[in-house]
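**Q** Submitted below is the structure of interest, expressed as structure tokens.
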Amino acid sequence: MGLLTDPGAGHGRLTQLLVTYHNKLIILLYIGGVLWFMILAHKHFNAGTYFSENALLPGLVKGEFDEDAIAKVYQSELLDEAAKYPNGVPYSWLIAKFRQLNLDTYTHNFTLTYPLGLGNKFTGKNVYAILRAPRSSSTEALVLSVPYRPPSSVNPGTAPSIAIMLAVAKFFRRQKYWAKDVIFLVTEHEQLGVQAWLEAYHKVTCGRSGVLDHGDMMGRGGAIQAAINLELHAEKIGHIDVKIEGLNGQLPNLDLVNLVHRMCSKEGVKHTFKNRESGNYRDWYREWLHSFKTLMAMVATQASGVPNGNHGLFHRFGIEAVTLEGFEKKGKGSPALYFQVGRVLEGLFRSLNNLLERFHQSYFFYLLPAADRFISIGMYMPPLGLICAGLVIKAFALWLKMQEDSTKKQPAENEDTEEDKSKLSNQDSTNNFSLVPVGVTVLAAHSVSIVMLSSPQKLNALGLKFGLSTPLALYAGYFIMTLLMSILPLFACRHIGRTVESRSIFNIVALLELATILLCTSMQNFSLALLSAVVYVPSGLLMVPTQNRILTILQKILWVFLHPLWLLIIVVLFHTTLTFPDESVLVLSEMGMRAVLKALVFAVVDSYIYANWLFPVATAILLPNWILFWIVLHNSPYQEKKEEKNED
Amino acid sequence: MISNIPQLTGFIFIVCDLITAHVLYHTAQLFMSELFSRQMREKEKYAKDAETLLLKQSDLVLPPVYVASAYLFNPYIIFSCISQTTTVFANLCLAFTFLLMIKGKRLACCSVLALATLQSLYPVILLVPASIYIAKAESRRSLRCSSFILTAVTFITALHLLLYISLKLAGGWEFLHATHGFILNVPDLQPNVGLFWYFFTEMFENFRLLFICAFQINATVLYLIPLTLRFHGEPMLLATSLTALTAIFKSYPTLGDVGFYLALLPMWKHLFKYMQQGFVVGCSFLSTSVMGPVVWHLWIYSRSANANFYFGVTLAFATAQIFLVTDILFAYIKREFSLFHGLHREVNGKTTKLVLE
């Protein structure tokens with residue numbers, strides 16, 4: 001191997017080239033990685049979806065659903081009942097309807113103790129009915145869930161979903177072929193109800209203990225294999241949007257997504273992904289742009305780690321789930337009525353009924369540039385690998401430079417006279433650089449971030465004493481902690497900055513840590529890793545201390561804006577501007593500030609209730625790396641010290 | 001004790017780790033002084049310009065401190081201590097073996113080695129470097145051969161004594177099947193940091209014995225003979241590399257085993273500048289150690305990934321360790337060559353490079 005060479009004779013040609021041209025190579029790799037990822041959206045570079053699980057037999061059976069008239073009756077009854085409970089759930093009506101269908105009906109109570117603020121308690125109740133499988137013991141189950149939205153809710157209503165669910169339940173009750181239990185679930189409080197129900201079903205607590213009390217479950221089915229979440233907003237559906245992104249960026253099995261798309265197209269219901277239909281442009285550029293925008297929409301949703309529907313909370317239990325969101329038909333053309341939607345649901349559940357094992361055949365890691373095309377993990381990892389390779393190559397180049405400097409000193413001394421022998425002993429003492437300051441600083445950076453991670457509840461309590469609201473307390477506390485953190489470099493530089501080798505080692509450690517963080521995050525939540533890499537890799541590579549004063553100041557400003565808290569503010573402001581494009585600047589800034597205040601609180605609360613990892617990752621994993629680079633930036637430049645040594 | 005004073009068990013593990021670090025410190029001190037005295041003896045044979053390669057006074061003081069801190073602050077060792085595994089005790093016995101080996105005390109070394117062998121079968125191969133050290137401590141040359149036989153006999157006696165004590169404590173011979181039989185037969189294929197489980201899950205039953213023999217020979221004897229033939233003059237390096245190789249290839253390795261031989265490496269600080277793959281190895285250790293739990297979580301808890309992801313990371317980890325061991329051994333050979341033949345190598349007036357054929 002070219003690497004196994006003798007250090008005394010200098011490095012091989014390849015490594016020499018690397019050291020000389022590494023900056024250009026890094027830029028090339030970064031641009032290449034980004035371009036490669038962008039190109040993946042085009043049809044030529046990704047694959048068409050297909051079914052891996054043969055047991056699904058999608059669409060093979062003739063649909064027989066005919067209870068759409070009953071669905072209309074249910075809908076009108078429900079709207080009357082809902083008007084009587086403007087803020088709550090018409091439990092008695094739901095329970096009565098389920099009981100009329102001769103299903104095992106149960107209610108499930110849960111309590112939420114809000115972790116911040118005043119610690120208010122909120123209660124909720126879910127209603128669910130179990131259709132027992134006539135042919136087998138209840139070892140497996142399927143779930144059809146609908147989030148109930150009272151008339152006062154800000155989200156679009158879901159009364160038609162409950163209507164179709166009841167009609168489908170009536171139809172399913174008559175059939176003999178069910179091998180798995182079907183659980184019909186109506187949840188309250190959006191994702192909170194589903195999370196509580198799942199925690200009670202599996203008898204675990206996912207978030208912090210004491211926050212969400214999931215209560216007891218009276219009746220239970222078997223192990224849940226798959227779940228479908230319905231959010232139909234109208235009786236006459238224009239198109240059904242299939243939502244897949246789950247908590248912490250986890251995705252359902254691609255087979256389930258393909259199944260839903262296949263069923264919808266079989267029944268003639270228009271189905272979309274990200275509310276975008278397939279482009280079918282003649283021009284390759286417009287086609288690529290359309291797919292790329294769909295892909296980036298999915299990346300943006302997945303990166304936040306917040307599920308865009310109730311289905312997202314099922315994934316961590318090994319239950320594949322998607323949400324079908326139906327929008328009202330506007331414009332010309334025939335809408336999809338209860339009949340078609342019912343047939344779709346019937347087809348879905350009959351296919352899921354055929355499953356012998358859990359979904360395991362198809363992909364769990366993918367990106368969808370269109371409803372019928374996918375990018376698998378083997379296709380999207382190399383671009384990210386190229387982007388992160390820049391970090392590793394820079395670290396390697398620094399390492400080689402460090403080795404070169406130390407070996408250049410020694411052979412040179414062998415030819416010198418006696419007076420230089422004393423210099424040799426001086427330099428030997430500097431060659432024995434210690435890793436202890438580097439290790440201590442890294443440990444300190446991580447400890448500071450752990451403090452930040454565990455501080456929200458204490459900051460909240462402190463803020464209550466001073467009369468501050470929760471968001472302000474959190475922001476004030478974090479701002480003060482960030483200021484304190486920024487003073488760390490002054491202490492660290494004195495210890496690390498003594499030798500060039502220590503500073504190089506510190507820079508190498510920071511770069512390698514960033515590469516490791518990005519690669520490990522990419523396994524779990526690829527979109528988050530991709531967006532972080534696109535932002536942090538060039539910035540991290542730029543954070544090399546230089547002698548130019550203007551450049552140093554610019555570097556420092558850039559790195560301050562890349563602080564995770566600042567990034568949050570920038571992203572939320574950007575998103576506000578995008579969502580409300582036609583408001584004035586003053587209104588936008590006011591809305592933006594409010595959104596920014598709420599965003600941090602939501603991130604913290606989500607991590608406590610659902611164990612959403614965005615907040616812990618940003619504080620305990622990204623922030624120490626930010627601190628390390630901040631310290632690197634404040635060290636003195638490498639060349640300066642070298643010139644000093646030569647003057648001795 | 002577990003039933004009577006449960007709150008003290010954590011304390012016991014911490015104390016064991018501290019004792020191990022102390023023992024390793026003394027081992028490193030003795031080893032560095034042995035290297036220094038050997039260097040003094042052979043100074044005349046060294047090349048003229050090899051002076052920069054020689055050990056200095058500071059090299060006698062720093063490496064033992066580094067060894068102790070590399071043990072105490074090693075994340076793998078800290079993990080083992082917190083999770084209260086028996087690797088802590090295995091490391092303690094191994095550390096005592098190293099110390100008594102370098103001191104050349106036959107009876108004590110063999111009994112501690114027998115204790116280590118009783119726990120996990122693989123330290124038995126350390127009998128070879130231990131015999132070499134004990135034979136070296138023997139002053140009369142004529143008794144060298146009988147010294148080996150005596151060491152072997154002492155070891156076997158100690159082992160039998162311990163087995164007898166175990167028999168009396170366990171009240172029957174079944175314990176042998178549960179401990180040594182378990183290590184040799186690999187019946188439980190729960191995924192771990194090793195390489196056995198993945199192969200044996202997909203193996204047909206009638207080939208199982210063949211593969212068990214192949215894998216166990218790989219873990220024990222295969223590298224013992226060539227390494228002994230090459231490094232018989234450097235038994236500490238032999239012992240360290242054998243410990244490293246068993247930590248990689250044994251049937252149920254743990255992170256504590258890896259941490260133990262990593263803590264021994266600062267004893268060869270003078271070899272570090274000859275290591276060519278230090279950066280790649282360091283990067284791989286870092287990324288696989290962080291990636292391992294991530295893909296484990298994805299596989300077992302999130303049910304998204306599968307066994308291949310985790311085994312890939314384990315393979316990368318094992319490969320990094322193998323590169324580390326070969327790099328250290330090759331660095332030693334290069335340094336020996338440079339000591340005796342000088343730093344500048346010129347053949348026919350052109351500078352040359354040392355390459356591994």
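Naming scheme: A, B, ... for chains in displayed order of the structure tokens; residues 1 onward per chain; ligands 1 onward as shown.
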Neighbouring residues of Thr201 in chain B were defined as those with any atom within 10 Å, considering only C-alpha atoms; residues of the same chain fewer than 3 positions away were excluded. Please report them as a list in words.

**A**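 In the requested format, the answer is Asp188, Leu189, Gln190, Pro191, Phe196, Trp197, Tyr198 and Phe204 of chain B.
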
**Q** Fewer than 4 positions away in the same chain doesn't count, so skip those; otherwise give me all residues within 9 Å of Ala603 in chain A, counting only C-alpha atoms, as number ranges by chain.

**A** A: 598-599, 607-608, 612-615

**Q** I'd like the neighbourhood of Val341 in chain A as a list of chain:residue names, where a residue qualifies if any of its atoms comes within 9 Å (using only C-alpha atoms), though same-chain residues fewer than 6 positions away should be ignored.

**A**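 Listed by chain and then number, they are A:Ile164, A:Ile237, A:Cys264, A:Glu267, A:Val269.
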
**Q** Nearest residue to chain B out of A:Gln250, A:Thr272, A:Thr123, A:Asn354, using only C-alpha atoms?

**A** A:Gln250

**Q** For Met218 in chain A, please output as a list in words all residues within 8 Å (counting only C-alpha atoms; exclusion window: fewer than 4 positions along the same chain).

**A**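 Result of the neighbour search: Tyr106, Thr107 and His108 of chain A.
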
**Q** Could you write out that same residue set with all heavy atoms as a JSON list (two decimals), in the first residue's frame?

**A**
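What ended up in out17.json:
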[["chain", "number", "residue", "atom", "x", "y", "z"],
["A", 106, "TYR", "N", -64.16, 0.90, 23.69],
["A", 106, "TYR", "CA", -63.49, 1.30, 24.93],
["A", 106, "TYR", "C", -63.14, 2.77, 24.86],
["A", 106, "TYR", "O", -63.04, 3.35, 23.79],
["A", 106, "TYR", "CB", -62.20, 0.50, 25.14],
["A", 106, "TYR", "CG", -62.37, -0.99, 25.09],
["A", 106, "TYR", "CD1", -62.14, -1.69, 23.92],
["A", 106, "TYR", "CD2", -62.77, -1.70, 26.22],
["A", 106, "TYR", "CE1", -62.30, -3.06, 23.87],
["A", 106, "TYR", "CE2", -62.92, -3.07, 26.18],
["A", 106, "TYR", "CZ", -62.70, -3.74, 25.00],
["A", 106, "TYR", "OH", -62.84, -5.10, 24.94],
["A", 107, "THR", "N", -62.92, 3.36, 26.02],
["A", 107, "THR", "CA", -62.36, 4.71, 26.07],
["A", 107, "THR", "C", -61.02, 4.64, 26.79],
["A", 107, "THR", "O", -60.75, 3.70, 27.52],
["A", 107, "THR", "CB", -63.27, 5.68, 26.82],
["A", 107, "THR", "OG1", -63.45, 5.18, 28.15],
["A", 107, "THR", "CG2", -64.59, 5.86, 26.15],
["A", 108, "HIS", "N", -60.22, 5.64, 26.53],
["A", 108, "HIS", "CA", -58.87, 5.65, 27.09],
["A", 108, "HIS", "C", -58.59, 7.06, 27.57],
["A", 108, "HIS", "O", -58.64, 8.01, 26.80],
["A", 108, "HIS", "CB", -57.90, 5.22, 26.00],
["A", 108, "HIS", "CG", -56.47, 5.54, 26.32],
["A", 108, "HIS", "ND1", -55.71, 6.38, 25.57],
["A", 108, "HIS", "CD2", -55.68, 5.12, 27.34],
["A", 108, "HIS", "CE1", -54.51, 6.49, 26.10],
["A", 108, "HIS", "NE2", -54.47, 5.73, 27.16]]

**Q** Work out how far CA of Val61 in chain A is from CA of Ser138 in chain A, in Å to one decimal.

**A**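 Computing it gives 23.8 Å between the two atoms.
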
**Q** Skipping near chain neighbours, those fewer than 3 positions away, what residues fall within 8 Å of range 74-76 of chain A using only C-alpha atoms, listed as a list of chain:residue names?

**A**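 Final neighbour list, sorted by chain and number: A:Ile70, A:Ala71, A:Leu79, A:Asp80, A:Ala159, A:Pro160, A:Ile162, A:Ala163, A:Leu166, A:Ala167.
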
**Q** Looking at A:Lys121, A:His22, A:His563, A:His239, which one is nearest to Pro335 in chain A, with distances taken over only C-alpha atoms?

**A**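 Residue with the minimum atom-to-atom distance to Pro335 in chain A: A:His239.
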
**Q** Any idea what the distance is between CA of Gly171 in chain B and CA of Asn185 in chain B?

**A** 22.6 Å

**Q** From a DSSP calculation on the backbone, collect every residue of range 220-348 of chain A in strand (DSSP E or B) and output the set as a ChimeraX atom specification.

**A** /A:223-232,237-243,271-273,276,320-328,336

**Q** Point out the residue among A:Tyr148, A:Trp559, A:Phe365, A:Trp284 with the least atom-to-atom distance to Leu185 in chain A, counting only C-alpha atoms.

**A** A:Tyr148

**Q** Just asking: which residues within range 139-233 of chain B are alpha helix (DSSP H) according to DSSP, as a ChimeraX atom specification?

**A** /B:144-170,174-185,196-201,208-219,224-231

**Q** Could you please take those selected residues and save C-alpha atoms as an mmCIF file, in the first residue's frame?

**A**
data_model
loop_
_atom_site.group_PDB
_atom_site.id
_atom_site.type_symbol
_atom_site.label_atom_id
_atom_site.label_comp_id
_atom_site.auth_asym_id
_atom_site.auth_seq_id
_atom_site.Cartn_x
_atom_site.Cartn_y
_atom_site.Cartn_z
ATOM 1 C CA ARG B 144 16.624 -22.149 30.094
ATOM 2 C CA CYS B 145 15.035 -25.189 28.492
ATOM 3 C CA SER B 146 13.970 -26.723 31.756
ATOM 4 C CA SER B 147 12.622 -23.314 32.778
ATOM 5 C CA PHE B 148 10.044 -23.503 30.002
ATOM 6 C CA ILE B 149 8.945 -26.951 31.071
ATOM 7 C CA LEU B 150 8.785 -25.869 34.690
ATOM 8 C CA THR B 151 6.665 -22.845 33.811
ATOM 9 C CA ALA B 152 4.275 -24.989 31.828
ATOM 10 C CA VAL B 153 3.996 -27.498 34.624
ATOM 11 C CA THR B 154 3.397 -24.750 37.190
ATOM 12 C CA PHE B 155 0.675 -23.285 35.038
ATOM 13 C CA ILE B 156 -1.074 -26.599 34.521
ATOM 14 C CA THR B 157 -0.908 -27.336 38.211
ATOM 15 C CA ALA B 158 -2.343 -23.955 39.110
ATOM 16 C CA LEU B 159 -5.108 -24.368 36.580
ATOM 17 C CA HIS B 160 -6.021 -27.777 37.888
ATOM 18 C CA LEU B 161 -6.065 -26.448 41.420
ATOM 19 C CA LEU B 162 -8.432 -23.691 40.413
ATOM 20 C CA LEU B 163 -10.619 -26.140 38.538
ATOM 21 C CA TYR B 164 -10.737 -28.324 41.618
ATOM 22 C CA ILE B 165 -11.772 -25.361 43.766
ATOM 23 C CA SER B 166 -14.444 -24.497 41.200
ATOM 24 C CA LEU B 167 -15.617 -28.105 41.226
ATOM 25 C CA LYS B 168 -16.004 -27.990 44.974
ATOM 26 C CA LEU B 169 -17.835 -24.656 44.824
ATOM 27 C CA ALA B 170 -20.125 -25.683 41.993
ATOM 28 C CA GLU B 174 -21.477 -28.950 34.710
ATOM 29 C CA PHE B 175 -19.883 -25.564 35.297
ATOM 30 C CA LEU B 176 -17.181 -26.469 32.814
ATOM 31 C CA HIS B 177 -19.709 -26.803 30.041
ATOM 32 C CA ALA B 178 -21.344 -23.546 31.045
ATOM 33 C CA THR B 179 -18.119 -21.536 31.062
ATOM 34 C CA HIS B 180 -15.408 -22.974 28.822
ATOM 35 C CA GLY B 181 -17.804 -25.003 26.759
ATOM 36 C CA PHE B 182 -19.779 -21.848 26.132
ATOM 37 C CA ILE B 183 -16.734 -19.945 24.944
ATOM 38 C CA LEU B 184 -15.639 -22.795 22.678
ATOM 39 C CA ASN B 185 -18.967 -23.934 21.273
ATOM 40 C CA PHE B 196 -18.715 -14.924 15.265
ATOM 41 C CA TRP B 197 -22.445 -14.385 15.560
ATOM 42 C CA TYR B 198 -23.139 -13.252 12.025
ATOM 43 C CA PHE B 199 -21.316 -16.191 10.460
ATOM 44 C CA PHE B 200 -22.840 -18.770 12.729
ATOM 45 C CA THR B 201 -26.412 -17.612 12.205
ATOM 46 C CA ARG B 208 -20.730 -26.029 12.430
ATOM 47 C CA LEU B 209 -17.925 -28.011 14.018
ATOM 48 C CA LEU B 210 -15.597 -27.265 11.142
ATOM 49 C CA PHE B 211 -16.179 -23.546 11.365
ATOM 50 C CA ILE B 212 -15.937 -23.486 15.142
ATOM 51 C CA CYS B 213 -12.552 -25.155 14.937
ATOM 52 C CA ALA B 214 -11.456 -22.753 12.192
ATOM 53 C CA PHE B 215 -12.572 -19.651 14.075
ATOM 54 C CA GLN B 216 -11.128 -20.762 17.400
ATOM 55 C CA ILE B 217 -7.785 -21.639 15.838
ATOM 56 C CA ASN B 218 -7.788 -18.182 14.264
ATOM 57 C CA ALA B 219 -8.392 -16.626 17.645
ATOM 58 C CA LEU B 224 0.844 -17.334 18.147
ATOM 59 C CA ILE B 225 3.465 -19.351 16.310
ATOM 60 C CA PRO B 226 4.569 -16.835 13.627
ATOM 61 C CA LEU B 227 4.603 -13.939 16.094
ATOM 62 C CA THR B 228 6.601 -15.957 18.605
ATOM 63 C CA LEU B 229 9.137 -16.906 15.974
ATOM 64 C CA ARG B 230 9.585 -13.294 14.934
ATOM 65 C CA PHE B 231 9.317 -11.483 18.252
#
